[in-house]
Amino acid sequence: MISANLLPLVRCAAQADLTVTMTTNGFTLSPEAARHLAEAGLGYLALSLDGFDQVHNQIRQRSDAFSLALRAMTHATDNGLRVRINCVICELNLELLPGFITWVRDNPRLESIFFQALAQPFGEPSRENWWQAEPLFPKNPARAGEVLRELLDMKRAGFPILNPDGQFAALSAYFENPEQFVLGQCRVGAMGLTIDAAGVVRLCSRYEPIGDLMQGHSLRAIFKSAKAEQVRAEMAACRRNCHLLINCCFEENGAPDLRGAAADPSSQ
Ligand code: SF4
């Protein structure tokens, strides 16, 4: 939508048999852009939506954010794209989440919803205790835990929630204290990669790139290269309290070692 490289990148990844998902706030998605993305092989459009109009607009600090997201949803589905919602749990939307899930389930243009925890934006310099000064971070972790238990119950009742069951307990523990989870070994480098608008490929934004698509190398070759193996080995030694492990790259039985974790809500 913004970069001329976007469609070639989507096409390249789709031709490599990857399921291509693009996350967007939907502000600029025109019908033509949706059609081009569908033709290039985009698998899913992940639409960032953190609640209904008033709350979403307040979080995005834009009075038309909700209506633009709905317009993007319409353009996407009219052109054959599948759409799911990415929702960041925060202080402002915590109480409305059960109703929001019901709205997603009842909207025929939407397939599912995936929750993430509010985190420090990736790529920003890490700030200790950043969440204590963050007005959107949930202020009452006990209440956050109750809501997360309700979401898990809704998932088990058949609502289209994509998070694995174990992630709800992990999110509860994270909201108790985001500084307390420390991974045993990062496996993010084996789970995926990122490609920026210029075609540069990374396993983690904090480490060196592993390749450049615009230099003619295939994505598969880059992912399996010696450089990628070297970066993976460096990443395995990383001991950051990294939000990727609690959000996008959460593994049900995997990496996060939740020190002082809240009890599994499913066991209560
Ligand atoms: S844990 Fe470290 S290496 Fe792994 S994704 Fe996070 S910052 Fe990168």
# chains A, B, ... in the order shown; residues from 1 in each chain; ligands from 1
call {"tool": "select_by_dssp", "arguments": {"residues": "region 157-260 of chain A", "states": "helix (DSSP H, G or I)", "output": "PyMOL selection string"}}
result
chain A and resi 165-176+188-191+213-215+219-223+226-236+243-245
call {"tool": "write_last_selection", "arguments": {"atoms": "N, CA and C atoms", "output": "mmCIF file, in the first residue's frame"}}
result
data_model
loop_
_atom_site.group_PDB
_atom_site.id
_atom_site.type_symbol
_atom_site.label_atom_id
_atom_site.label_comp_id
_atom_site.auth_asym_id
_atom_site.auth_seq_id
_atom_site.Cartn_x
_atom_site.Cartn_y
_atom_site.Cartn_z
ATOM 1 N N ASP A 165 -4.522 -22.230 24.319
ATOM 2 C CA ASP A 165 -5.061 -22.158 25.687
ATOM 3 C C ASP A 165 -4.021 -21.662 26.697
ATOM 4 N N GLY A 166 -2.800 -22.189 26.598
ATOM 5 C CA GLY A 166 -1.780 -21.846 27.583
ATOM 6 C C GLY A 166 -1.376 -20.381 27.569
ATOM 7 N N GLN A 167 -1.691 -19.697 26.505
ATOM 8 C CA GLN A 167 -1.278 -18.294 26.419
ATOM 9 C C GLN A 167 -2.062 -17.410 27.389
ATOM 10 N N PHE A 168 -3.248 -17.834 27.767
ATOM 11 C CA PHE A 168 -4.038 -16.989 28.667
ATOM 12 C C PHE A 168 -3.384 -16.907 30.051
ATOM 13 N N ALA A 169 -2.855 -18.039 30.532
ATOM 14 C CA ALA A 169 -2.142 -18.020 31.813
ATOM 15 C C ALA A 169 -0.863 -17.200 31.701
ATOM 16 N N ALA A 170 -0.181 -17.333 30.557
ATOM 17 C CA ALA A 170 1.053 -16.580 30.355
ATOM 18 C C ALA A 170 0.775 -15.075 30.325
ATOM 19 N N LEU A 171 -0.320 -14.694 29.688
ATOM 20 C CA LEU A 171 -0.676 -13.270 29.643
ATOM 21 C C LEU A 171 -1.032 -12.761 31.039
ATOM 22 N N SER A 172 -1.716 -13.585 31.824
ATOM 23 C CA SER A 172 -2.031 -13.191 33.205
ATOM 24 C C SER A 172 -0.754 -12.908 33.978
ATOM 25 N N ALA A 173 0.223 -13.810 33.847
ATOM 26 C CA ALA A 173 1.485 -13.640 34.560
ATOM 27 C C ALA A 173 2.221 -12.390 34.078
ATOM 28 N N TYR A 174 2.149 -12.161 32.789
ATOM 29 C CA TYR A 174 2.808 -10.975 32.220
ATOM 30 C C TYR A 174 2.190 -9.697 32.794
ATOM 31 N N PHE A 175 0.859 -9.662 32.893
ATOM 32 C CA PHE A 175 0.228 -8.452 33.432
ATOM 33 C C PHE A 175 0.512 -8.283 34.925
ATOM 34 N N GLU A 176 0.799 -9.393 35.608
ATOM 35 C CA GLU A 176 1.214 -9.294 37.014
ATOM 36 C C GLU A 176 2.533 -8.544 37.112
ATOM 37 N N VAL A 188 12.680 -18.071 18.541
ATOM 38 C CA VAL A 188 12.005 -17.211 17.562
ATOM 39 C C VAL A 188 12.673 -17.316 16.190
ATOM 40 N N GLY A 189 13.973 -17.482 16.162
ATOM 41 C CA GLY A 189 14.697 -17.562 14.892
ATOM 42 C C GLY A 189 14.358 -18.793 14.073
ATOM 43 N N ALA A 190 13.822 -19.829 14.741
ATOM 44 C CA ALA A 190 13.420 -21.033 14.008
ATOM 45 C C ALA A 190 11.956 -20.958 13.586
ATOM 46 N N MET A 191 11.226 -19.984 14.151
ATOM 47 C CA MET A 191 9.779 -19.933 13.928
ATOM 48 C C MET A 191 9.381 -19.026 12.783
ATOM 49 N N LEU A 213 16.328 -9.869 0.037
ATOM 50 C CA LEU A 213 15.574 -10.461 -1.078
ATOM 51 C C LEU A 213 15.848 -9.757 -2.395
ATOM 52 N N MET A 214 16.141 -8.470 -2.324
ATOM 53 C CA MET A 214 16.324 -7.710 -3.551
ATOM 54 C C MET A 214 17.658 -8.007 -4.224
ATOM 55 N N GLN A 215 18.494 -8.828 -3.576
ATOM 56 C CA GLN A 215 19.754 -9.240 -4.214
ATOM 57 C C GLN A 215 19.598 -10.561 -4.955
ATOM 58 N N LEU A 219 14.010 -16.788 -0.509
ATOM 59 C CA LEU A 219 13.715 -16.713 0.915
ATOM 60 C C LEU A 219 14.152 -17.998 1.615
ATOM 61 N N ARG A 220 13.926 -19.123 0.946
ATOM 62 C CA ARG A 220 14.308 -20.420 1.526
ATOM 63 C C ARG A 220 15.829 -20.485 1.741
ATOM 64 N N ALA A 221 16.580 -20.030 0.728
ATOM 65 C CA ALA A 221 18.045 -20.067 0.853
ATOM 66 C C ALA A 221 18.518 -19.157 1.982
ATOM 67 N N ILE A 222 17.896 -18.007 2.092
ATOM 68 C CA ILE A 222 18.290 -17.074 3.162
ATOM 69 C C ILE A 222 17.984 -17.684 4.527
ATOM 70 N N PHE A 223 16.800 -18.283 4.663
ATOM 71 C CA PHE A 223 16.380 -18.842 5.952
ATOM 72 C C PHE A 223 17.287 -19.997 6.379
ATOM 73 N N ALA A 226 24.096 -20.089 6.231
ATOM 74 C CA ALA A 226 25.037 -20.115 7.355
ATOM 75 C C ALA A 226 24.870 -18.867 8.221
ATOM 76 N N LYS A 227 24.573 -17.750 7.570
ATOM 77 C CA LYS A 227 24.383 -16.511 8.333
ATOM 78 C C LYS A 227 23.172 -16.645 9.273
ATOM 79 N N ALA A 228 22.117 -17.257 8.757
ATOM 80 C CA ALA A 228 20.932 -17.442 9.591
ATOM 81 C C ALA A 228 21.248 -18.339 10.780
ATOM 82 N N GLU A 229 22.020 -19.392 10.544
ATOM 83 C CA GLU A 229 22.392 -20.293 11.642
ATOM 84 C C GLU A 229 23.221 -19.559 12.694
ATOM 85 N N GLN A 230 24.107 -18.698 12.210
ATOM 86 C CA GLN A 230 24.952 -17.939 13.143
ATOM 87 C C GLN A 230 24.086 -17.020 14.019
ATOM 88 N N VAL A 231 23.135 -16.323 13.380
ATOM 89 C CA VAL A 231 22.277 -15.411 14.152
ATOM 90 C C VAL A 231 21.391 -16.201 15.112
ATOM 91 N N ARG A 232 20.900 -17.373 14.660
ATOM 92 C CA ARG A 232 20.080 -18.206 15.558
ATOM 93 C C ARG A 232 20.865 -18.600 16.815
ATOM 94 N N ALA A 233 22.119 -18.947 16.615
ATOM 95 C CA ALA A 233 22.946 -19.346 17.766
ATOM 96 C C ALA A 233 23.113 -18.173 18.725
ATOM 97 N N GLU A 234 23.293 -16.973 18.179
ATOM 98 C CA GLU A 234 23.418 -15.789 19.044
ATOM 99 C C GLU A 234 22.100 -15.527 19.766
ATOM 100 N N MET A 235 20.991 -15.691 19.053
ATOM 101 C CA MET A 235 19.681 -15.438 19.657
ATOM 102 C C MET A 235 19.379 -16.429 20.772
ATOM 103 N N ALA A 236 19.862 -17.647 20.629
ATOM 104 C CA ALA A 236 19.587 -18.664 21.646
ATOM 105 C C ALA A 236 20.171 -18.267 23.003
ATOM 106 N N HIS A 243 8.878 -9.305 24.609
ATOM 107 C CA HIS A 243 7.428 -9.482 24.500
ATOM 108 C C HIS A 243 7.030 -10.412 23.353
ATOM 109 N N LEU A 244 7.966 -10.672 22.415
ATOM 110 C CA LEU A 244 7.620 -11.613 21.342
ATOM 111 C C LEU A 244 7.255 -12.981 21.914
ATOM 112 N N LEU A 245 7.888 -13.325 23.034
ATOM 113 C CA LEU A 245 7.662 -14.651 23.614
ATOM 114 C C LEU A 245 6.301 -14.751 24.279
#
call {"tool": "closest_atom_pairs", "arguments": {"of": "chain A", "to": "ligand 1", "cutoff": "12 Å", "atoms": "only C-alpha atoms and all ligand atoms", "output": "JSON lines"}}
result
{"residue": "A:Gln120", "atom": "CA", "partner": "ligand 1", "partner_atom_place_in_ligand_line": "7 (S)", "distance": 11.9}
{"residue": "A:Pro121", "atom": "CA", "partner": "ligand 1", "partner_atom_place_in_ligand_line": "7 (S)", "distance": 11.8}
{"residue": "A:Phe122", "atom": "CA", "partner": "ligand 1", "partner_atom_place_in_ligand_line": "7 (S)", "distance": 8.6}
{"residue": "A:Gly123", "atom": "CA", "partner": "ligand 1", "partner_atom_place_in_ligand_line": "7 (S)", "distance": 9.2}
{"residue": "A:Glu124", "atom": "CA", "partner": "ligand 1", "partner_atom_place_in_ligand_line": "7 (S)", "distance": 11.3}
{"residue": "A:Pro125", "atom": "CA", "partner": "ligand 1", "partner_atom_place_in_ligand_line": "7 (S)", "distance": 11.3}
{"residue": "A:Ser126", "atom": "CA", "partner": "ligand 1", "partner_atom_place_in_ligand_line": "7 (S)", "distance": 10.0}
{"residue": "A:Phe181", "atom": "CA", "partner": "ligand 1", "partner_atom_place_in_ligand_line": "1 (S)", "distance": 10.8}
{"residue": "A:Val182", "atom": "CA", "partner": "ligand 1", "partner_atom_place_in_ligand_line": "1 (S)", "distance": 8.6}
{"residue": "A:Leu183", "atom": "CA", "partner": "ligand 1", "partner_atom_place_in_ligand_line": "1 (S)", "distance": 7.0}
{"residue": "A:Gly184", "atom": "CA", "partner": "ligand 1", "partner_atom_place_in_ligand_line": "1 (S)", "distance": 9.4}
{"residue": "A:Gln185", "atom": "CA", "partner": "ligand 1", "partner_atom_place_in_ligand_line": "1 (S)", "distance": 7.7}
{"residue": "A:Cys186", "atom": "CA", "partner": "ligand 1", "partner_atom_place_in_ligand_line": "4 (Fe)", "distance": 4.7}
{"residue": "A:Arg187", "atom": "CA", "partner": "ligand 1", "partner_atom_place_in_ligand_line": "4 (Fe)", "distance": 6.7}
{"residue": "A:Val188", "atom": "CA", "partner": "ligand 1", "partner_atom_place_in_ligand_line": "5 (S)", "distance": 5.3}
{"residue": "A:Gly189", "atom": "CA", "partner": "ligand 1", "partner_atom_place_in_ligand_line": "4 (Fe)", "distance": 7.1}
{"residue": "A:Ala190", "atom": "CA", "partner": "ligand 1", "partner_atom_place_in_ligand_line": "4 (Fe)", "distance": 10.1}
{"residue": "A:Met191", "atom": "CA", "partner": "ligand 1", "partner_atom_place_in_ligand_line": "5 (S)", "distance": 10.0}
{"residue": "A:Gly192", "atom": "CA", "partner": "ligand 1", "partner_atom_place_in_ligand_line": "5 (S)", "distance": 10.1}
{"residue": "A:Leu193", "atom": "CA", "partner": "ligand 1", "partner_atom_place_in_ligand_line": "5 (S)", "distance": 10.0}
{"residue": "A:Thr194", "atom": "CA", "partner": "ligand 1", "partner_atom_place_in_ligand_line": "5 (S)", "distance": 11.0}
{"residue": "A:Arg202", "atom": "CA", "partner": "ligand 1", "partner_atom_place_in_ligand_line": "8 (Fe)", "distance": 10.0}
{"residue": "A:Leu203", "atom": "CA", "partner": "ligand 1", "partner_atom_place_in_ligand_line": "5 (S)", "distance": 7.5}
{"residue": "A:Cys204", "atom": "CA", "partner": "ligand 1", "partner_atom_place_in_ligand_line": "8 (Fe)", "distance": 4.6}
{"residue": "A:Ser205", "atom": "CA", "partner": "ligand 1", "partner_atom_place_in_ligand_line": "8 (Fe)", "distance": 6.7}
{"residue": "A:Arg206", "atom": "CA", "partner": "ligand 1", "partner_atom_place_in_ligand_line": "8 (Fe)", "distance": 5.9}
{"residue": "A:Tyr207", "atom": "CA", "partner": "ligand 1", "partner_atom_place_in_ligand_line": "8 (Fe)", "distance": 7.2}
{"residue": "A:Glu208", "atom": "CA", "partner": "ligand 1", "partner_atom_place_in_ligand_line": "8 (Fe)", "distance": 10.7}
{"residue": "A:Val231", "atom": "CA", "partner": "ligand 1", "partner_atom_place_in_ligand_line": "3 (S)", "distance": 8.8}
{"residue": "A:Arg232", "atom": "CA", "partner": "ligand 1", "partner_atom_place_in_ligand_line": "3 (S)", "distance": 8.0}
{"residue": "A:Ala233", "atom": "CA", "partner": "ligand 1", "partner_atom_place_in_ligand_line": "3 (S)", "distance": 9.4}
{"residue": "A:Glu234", "atom": "CA", "partner": "ligand 1", "partner_atom_place_in_ligand_line": "3 (S)", "distance": 7.5}
{"residue": "A:Met235", "atom": "CA", "partner": "ligand 1", "partner_atom_place_in_ligand_line": "3 (S)", "distance": 4.0}
{"residue": "A:Ala236", "atom": "CA", "partner": "ligand 1", "partner_atom_place_in_ligand_line": "3 (S)", "distance": 6.6}
{"residue": "A:Ala237", "atom": "CA", "partner": "ligand 1", "partner_atom_place_in_ligand_line": "3 (S)", "distance": 7.6}
{"residue": "A:Cys238", "atom": "CA", "partner": "ligand 1", "partner_atom_place_in_ligand_line": "2 (Fe)", "distance": 4.7}
{"residue": "A:Arg239", "atom": "CA", "partner": "ligand 1", "partner_atom_place_in_ligand_line": "2 (Fe)", "distance": 6.3}
{"residue": "A:Arg240", "atom": "CA", "partner": "ligand 1", "partner_atom_place_in_ligand_line": "2 (Fe)", "distance": 5.3}
{"residue": "A:Asn241", "atom": "CA", "partner": "ligand 1", "partner_atom_place_in_ligand_line": "1 (S)", "distance": 6.8}
{"residue": "A:Cys242", "atom": "CA", "partner": "ligand 1", "partner_atom_place_in_ligand_line": "6 (Fe)", "distance": 4.4}
{"residue": "A:His243", "atom": "CA", "partner": "ligand 1", "partner_atom_place_in_ligand_line": "6 (Fe)", "distance": 6.9}
{"residue": "A:Leu244", "atom": "CA", "partner": "ligand 1", "partner_atom_place_in_ligand_line": "6 (Fe)", "distance": 5.7}
{"residue": "A:Leu245", "atom": "CA", "partner": "ligand 1", "partner_atom_place_in_ligand_line": "1 (S)", "distance": 6.8}
{"residue": "A:Ile246", "atom": "CA", "partner": "ligand 1", "partner_atom_place_in_ligand_line": "6 (Fe)", "distance": 9.8}
{"residue": "A:Asn247", "atom": "CA", "partner": "ligand 1", "partner_atom_place_in_ligand_line": "6 (Fe)", "distance": 10.6}
{"residue": "A:Cys248", "atom": "CA", "partner": "ligand 1", "partner_atom_place_in_ligand_line": "5 (S)", "distance": 10.1}
{"residue": "A:Cys249", "atom": "CA", "partner": "ligand 1", "partner_atom_place_in_ligand_line": "5 (S)", "distance": 8.3}
{"residue": "A:Phe250", "atom": "CA", "partner": "ligand 1", "partner_atom_place_in_ligand_line": "5 (S)", "distance": 10.7}
{"residue": "A:Ala255", "atom": "CA", "partner": "ligand 1", "partner_atom_place_in_ligand_line": "1 (S)", "distance": 9.3}
{"residue": "A:Pro256", "atom": "CA", "partner": "ligand 1", "partner_atom_place_in_ligand_line": "1 (S)", "distance": 9.4}
{"residue": "A:Asp257", "atom": "CA", "partner": "ligand 1", "partner_atom_place_in_ligand_line": "1 (S)", "distance": 11.7}
call {"tool": "select_by_dssp", "arguments": {"residues": "region 164-217 of chain A", "states": "strand (DSSP E or B)", "output": "MDAnalysis selection string"}}
result
chainID A and resid 181:183 194:195 200:202 211:212
call {"tool": "closest_atom_pairs", "arguments": {"of": "region 12-127 of chain A", "to": "region 142-158 of chain A", "cutoff": "8 Å", "atoms": "only C-alpha atoms", "output": "CSV"}}
result
residue,atom,partner,partner_atom,distance
A:Leu94,CA,A:Ala144,CA,7.0
A:Glu95,CA,A:Val147,CA,7.4
A:Leu97,CA,A:Leu151,CA,8.0
A:Pro98,CA,A:Leu151,CA,6.7
call {"tool": "write_last_selection", "arguments": {"atoms": "C-alpha atoms", "output": "PDB file, in the first residue's frame"}}
result
ATOM      1  CA  LEU A  94     -10.204  -4.829  29.126  1.00  0.00           C
ATOM      2  CA  GLU A  95     -13.839  -4.744  30.211  1.00  0.00           C
ATOM      3  CA  LEU A  97     -13.394  -7.739  25.372  1.00  0.00           C
ATOM      4  CA  PRO A  98     -16.116 -10.396  25.875  1.00  0.00           C
TER       5      PRO A  98
END
call {"tool": "residues_around", "arguments": {"residues": "Asp78 (chain A)", "least_positions_apart": "2", "cutoff": "12 Å", "atoms": "only C-alpha atoms", "output": "PyMOL selection string"}}
result
chain A and resi 30-35+38+71-76+80-83+108-110
call {"tool": "write_last_selection", "arguments": {"atoms": "N, CA and C atoms", "output": "PDB file, in the first residue's frame"}}
result
ATOM      1  N   SER A  30      -7.213   0.713  -0.062  1.00  0.00           N
ATOM      2  CA  SER A  30      -8.212   1.004  -1.090  1.00  0.00           C
ATOM      3  C   SER A  30      -8.723  -0.307  -1.691  1.00  0.00           C
ATOM      4  N   PRO A  31      -9.826  -0.272  -2.430  1.00  0.00           N
ATOM      5  CA  PRO A  31     -10.277  -1.493  -3.112  1.00  0.00           C
ATOM      6  C   PRO A  31      -9.212  -2.034  -4.066  1.00  0.00           C
ATOM      7  N   GLU A  32      -8.490  -1.137  -4.759  1.00  0.00           N
ATOM      8  CA  GLU A  32      -7.455  -1.580  -5.704  1.00  0.00           C
ATOM      9  C   GLU A  32      -6.311  -2.286  -4.960  1.00  0.00           C
ATOM     10  N   ALA A  33      -5.899  -1.699  -3.836  1.00  0.00           N
ATOM     11  CA  ALA A  33      -4.814  -2.323  -3.066  1.00  0.00           C
ATOM     12  C   ALA A  33      -5.241  -3.697  -2.573  1.00  0.00           C
ATOM     13  N   ALA A  34      -6.473  -3.816  -2.127  1.00  0.00           N
ATOM     14  CA  ALA A  34      -6.965  -5.114  -1.652  1.00  0.00           C
ATOM     15  C   ALA A  34      -6.946  -6.138  -2.788  1.00  0.00           C
ATOM     16  N   ARG A  35      -7.360  -5.706  -3.961  1.00  0.00           N
ATOM     17  CA  ARG A  35      -7.388  -6.622  -5.108  1.00  0.00           C
ATOM     18  C   ARG A  35      -5.963  -7.063  -5.472  1.00  0.00           C
ATOM     19  N   ALA A  38      -4.664  -9.546  -2.964  1.00  0.00           N
ATOM     20  CA  ALA A  38      -5.283 -10.866  -3.151  1.00  0.00           C
ATOM     21  C   ALA A  38      -4.636 -11.583  -4.334  1.00  0.00           C
ATOM     22  N   ARG A  71     -13.913   0.035   6.931  1.00  0.00           N
ATOM     23  CA  ARG A  71     -13.890   0.214   5.476  1.00  0.00           C
ATOM     24  C   ARG A  71     -12.850  -0.725   4.860  1.00  0.00           C
ATOM     25  N   ALA A  72     -11.690  -0.836   5.497  1.00  0.00           N
ATOM     26  CA  ALA A  72     -10.650  -1.747   5.006  1.00  0.00           C
ATOM     27  C   ALA A  72     -11.141  -3.186   5.034  1.00  0.00           C
ATOM     28  N   MET A  73     -11.853  -3.539   6.092  1.00  0.00           N
ATOM     29  CA  MET A  73     -12.394  -4.899   6.192  1.00  0.00           C
ATOM     30  C   MET A  73     -13.319  -5.186   5.006  1.00  0.00           C
ATOM     31  N   THR A  74     -14.150  -4.212   4.667  1.00  0.00           N
ATOM     32  CA  THR A  74     -15.086  -4.384   3.555  1.00  0.00           C
ATOM     33  C   THR A  74     -14.333  -4.522   2.232  1.00  0.00           C
ATOM     34  N   HIS A  75     -13.367  -3.636   1.990  1.00  0.00           N
ATOM     35  CA  HIS A  75     -12.597  -3.717   0.745  1.00  0.00           C
ATOM     36  C   HIS A  75     -11.872  -5.061   0.650  1.00  0.00           C
ATOM     37  N   ALA A  76     -11.308  -5.491   1.763  1.00  0.00           N
ATOM     38  CA  ALA A  76     -10.540  -6.744   1.756  1.00  0.00           C
ATOM     39  C   ALA A  76     -11.437  -7.930   1.421  1.00  0.00           C
ATOM     40  N   GLY A  80     -11.907 -10.848  -1.811  1.00  0.00           N
ATOM     41  CA  GLY A  80     -11.563 -12.242  -1.563  1.00  0.00           C
ATOM     42  C   GLY A  80     -10.507 -12.484  -0.509  1.00  0.00           C
ATOM     43  N   LEU A  81     -10.090 -11.439   0.204  1.00  0.00           N
ATOM     44  CA  LEU A  81      -9.106 -11.641   1.265  1.00  0.00           C
ATOM     45  C   LEU A  81      -9.789 -12.126   2.538  1.00  0.00           C
ATOM     46  N   ARG A  82      -9.091 -12.964   3.269  1.00  0.00           N
ATOM     47  CA  ARG A  82      -9.584 -13.412   4.571  1.00  0.00           C
ATOM     48  C   ARG A  82      -9.091 -12.427   5.625  1.00  0.00           C
ATOM     49  N   VAL A  83      -9.936 -12.098   6.574  1.00  0.00           N
ATOM     50  CA  VAL A  83      -9.595 -11.066   7.555  1.00  0.00           C
ATOM     51  C   VAL A  83      -9.752 -11.608   8.965  1.00  0.00           C
ATOM     52  N   PRO A 108     -19.942 -11.622   9.596  1.00  0.00           N
ATOM     53  CA  PRO A 108     -19.593 -12.608   8.576  1.00  0.00           C
ATOM     54  C   PRO A 108     -18.325 -12.274   7.786  1.00  0.00           C
ATOM     55  N   ARG A 109     -17.849 -11.041   7.890  1.00  0.00           N
ATOM     56  CA  ARG A 109     -16.617 -10.691   7.163  1.00  0.00           C
ATOM     57  C   ARG A 109     -15.361 -11.045   7.967  1.00  0.00           C
ATOM     58  N   LEU A 110     -15.517 -11.426   9.203  1.00  0.00           N
ATOM     59  CA  LEU A 110     -14.361 -11.698  10.062  1.00  0.00           C
ATOM     60  C   LEU A 110     -14.272 -13.176  10.396  1.00  0.00           C
TER      61      LEU A 110
END
call {"tool": "atom_distance", "arguments": {"atom1": "CA of Leu68 (chain A)", "atom2": "CA of Ala4 (chain A)"}}
result
22.2 Å
call {"tool": "closest_residue", "arguments": {"among": "A:Ser63, A:Asn93, A:Thr19, A:Thr24", "to": "Asp50 (chain A)", "atoms": "only C-alpha atoms"}}
result
A:Asn93
call {"tool": "residues_around", "arguments": {"residues": "Asp53 (chain A)", "least_positions_apart": "2", "cutoff": "12 Å", "atoms": "only C-alpha atoms", "output": "list in words"}}
result
Leu49, Asp50, Gly51, Val55, His56, Asn57, Gln58, Ile59, Arg60, Gln61, Arg62, Ser63, Asp64, Ala65, Phe66, Ser67, Leu68, Ala69, Leu70, Asn93, Leu96 and Phe100 of chain A
call {"tool": "write_last_selection", "arguments": {"atoms": "C-alpha atoms", "output": "PDB file, in the first residue's frame"}}
result
ATOM      1  CA  LEU A  49      -8.721  -3.317  16.057  1.00  0.00           C
ATOM      2  CA  ASP A  50      -8.681  -2.825  19.794  1.00  0.00           C
ATOM      3  CA  GLY A  51     -12.371  -2.392  20.469  1.00  0.00           C
ATOM      4  CA  VAL A  55     -12.293   3.053  22.574  1.00  0.00           C
ATOM      5  CA  HIS A  56     -10.467   2.196  19.363  1.00  0.00           C
ATOM      6  CA  ASN A  57     -10.461   5.841  18.280  1.00  0.00           C
ATOM      7  CA  GLN A  58      -9.164   6.892  21.682  1.00  0.00           C
ATOM      8  CA  ILE A  59      -6.374   4.316  21.641  1.00  0.00           C
ATOM      9  CA  ARG A  60      -5.370   5.243  18.080  1.00  0.00           C
ATOM     10  CA  GLN A  61      -5.832   8.956  18.818  1.00  0.00           C
ATOM     11  CA  ARG A  62      -7.787   9.442  15.652  1.00  0.00           C
ATOM     12  CA  SER A  63     -11.545  10.067  15.447  1.00  0.00           C
ATOM     13  CA  ASP A  64     -11.993   8.022  12.260  1.00  0.00           C
ATOM     14  CA  ALA A  65      -9.747   5.045  13.093  1.00  0.00           C
ATOM     15  CA  PHE A  66     -12.630   2.626  13.684  1.00  0.00           C
ATOM     16  CA  SER A  67     -14.560   3.593  10.559  1.00  0.00           C
ATOM     17  CA  LEU A  68     -11.394   3.340   8.431  1.00  0.00           C
ATOM     18  CA  ALA A  69     -10.693  -0.121   9.802  1.00  0.00           C
ATOM     19  CA  LEU A  70     -14.228  -1.253   8.950  1.00  0.00           C
ATOM     20  CA  ASN A  93     -10.496  -2.221  26.380  1.00  0.00           C
ATOM     21  CA  LEU A  96     -15.321  -4.745  26.722  1.00  0.00           C
ATOM     22  CA  PHE A 100     -16.020  -7.510  21.298  1.00  0.00           C
TER      23      PHE A 100
END
call {"tool": "closest_residue", "arguments": {"among": "A:Pro164, A:Pro8, A:Pro135, A:Pro141", "to": "Ala40 (chain A)", "atoms": "only C-alpha atoms"}}
result
A:Pro8
call {"tool": "atom_distance", "arguments": {"atom1": "CA of Lys139 (chain A)", "atom2": "CA of Ser48 (chain A)"}}
result
22.5 Å
call {"tool": "atom_distance", "arguments": {"atom1": "CA of Asp196 (chain A)", "atom2": "CA of Asn25 (chain A)"}}
result
17.1 Å
call {"tool": "decode", "arguments": {"residues": "region 132-162 of chain A", "atoms": "C-alpha atoms", "output": "PDB file, in the first residue's frame"}}
result
ATOM      1  CA  GLN A 132       4.659   1.590  35.254  1.00  0.00           C
ATOM      2  CA  ALA A 133       4.474   4.917  33.438  1.00  0.00           C
ATOM      3  CA  GLU A 134       2.319   3.596  30.595  1.00  0.00           C
ATOM      4  CA  PRO A 135      -1.305   4.781  31.019  1.00  0.00           C
ATOM      5  CA  LEU A 136      -2.651   2.012  28.780  1.00  0.00           C
ATOM      6  CA  PHE A 137      -1.061  -0.822  30.750  1.00  0.00           C
ATOM      7  CA  PRO A 138      -3.767  -2.634  32.794  1.00  0.00           C
ATOM      8  CA  LYS A 139      -3.749  -1.213  36.311  1.00  0.00           C
ATOM      9  CA  ASN A 140      -5.424  -4.109  38.043  1.00  0.00           C
ATOM     10  CA  PRO A 141      -3.659  -7.393  37.213  1.00  0.00           C
ATOM     11  CA  ALA A 142      -6.165  -9.429  39.244  1.00  0.00           C
ATOM     12  CA  ARG A 143      -9.001  -8.077  37.120  1.00  0.00           C
ATOM     13  CA  ALA A 144      -6.966  -8.714  33.957  1.00  0.00           C
ATOM     14  CA  GLY A 145      -6.594 -12.322  35.092  1.00  0.00           C
ATOM     15  CA  GLU A 146     -10.366 -12.651  35.565  1.00  0.00           C
ATOM     16  CA  VAL A 147     -11.048 -11.311  32.086  1.00  0.00           C
ATOM     17  CA  LEU A 148      -8.443 -13.637  30.591  1.00  0.00           C
ATOM     18  CA  ARG A 149     -10.120 -16.592  32.288  1.00  0.00           C
ATOM     19  CA  GLU A 150     -13.420 -15.481  30.753  1.00  0.00           C
ATOM     20  CA  LEU A 151     -11.789 -15.285  27.311  1.00  0.00           C
ATOM     21  CA  LEU A 152     -10.400 -18.801  27.710  1.00  0.00           C
ATOM     22  CA  ASP A 153     -13.875 -20.033  28.658  1.00  0.00           C
ATOM     23  CA  MET A 154     -15.291 -18.349  25.549  1.00  0.00           C
ATOM     24  CA  LYS A 155     -12.659 -19.985  23.375  1.00  0.00           C
ATOM     25  CA  ARG A 156     -13.517 -23.393  24.815  1.00  0.00           C
ATOM     26  CA  ALA A 157     -17.178 -22.646  24.140  1.00  0.00           C
ATOM     27  CA  GLY A 158     -16.392 -22.236  20.444  1.00  0.00           C
ATOM     28  CA  PHE A 159     -15.724 -18.536  19.954  1.00  0.00           C
ATOM     29  CA  PRO A 160     -13.141 -17.963  17.161  1.00  0.00           C
ATOM     30  CA  ILE A 161     -10.160 -17.035  19.324  1.00  0.00           C
ATOM     31  CA  LEU A 162      -6.778 -18.036  17.862  1.00  0.00           C
TER      32      LEU A 162
END
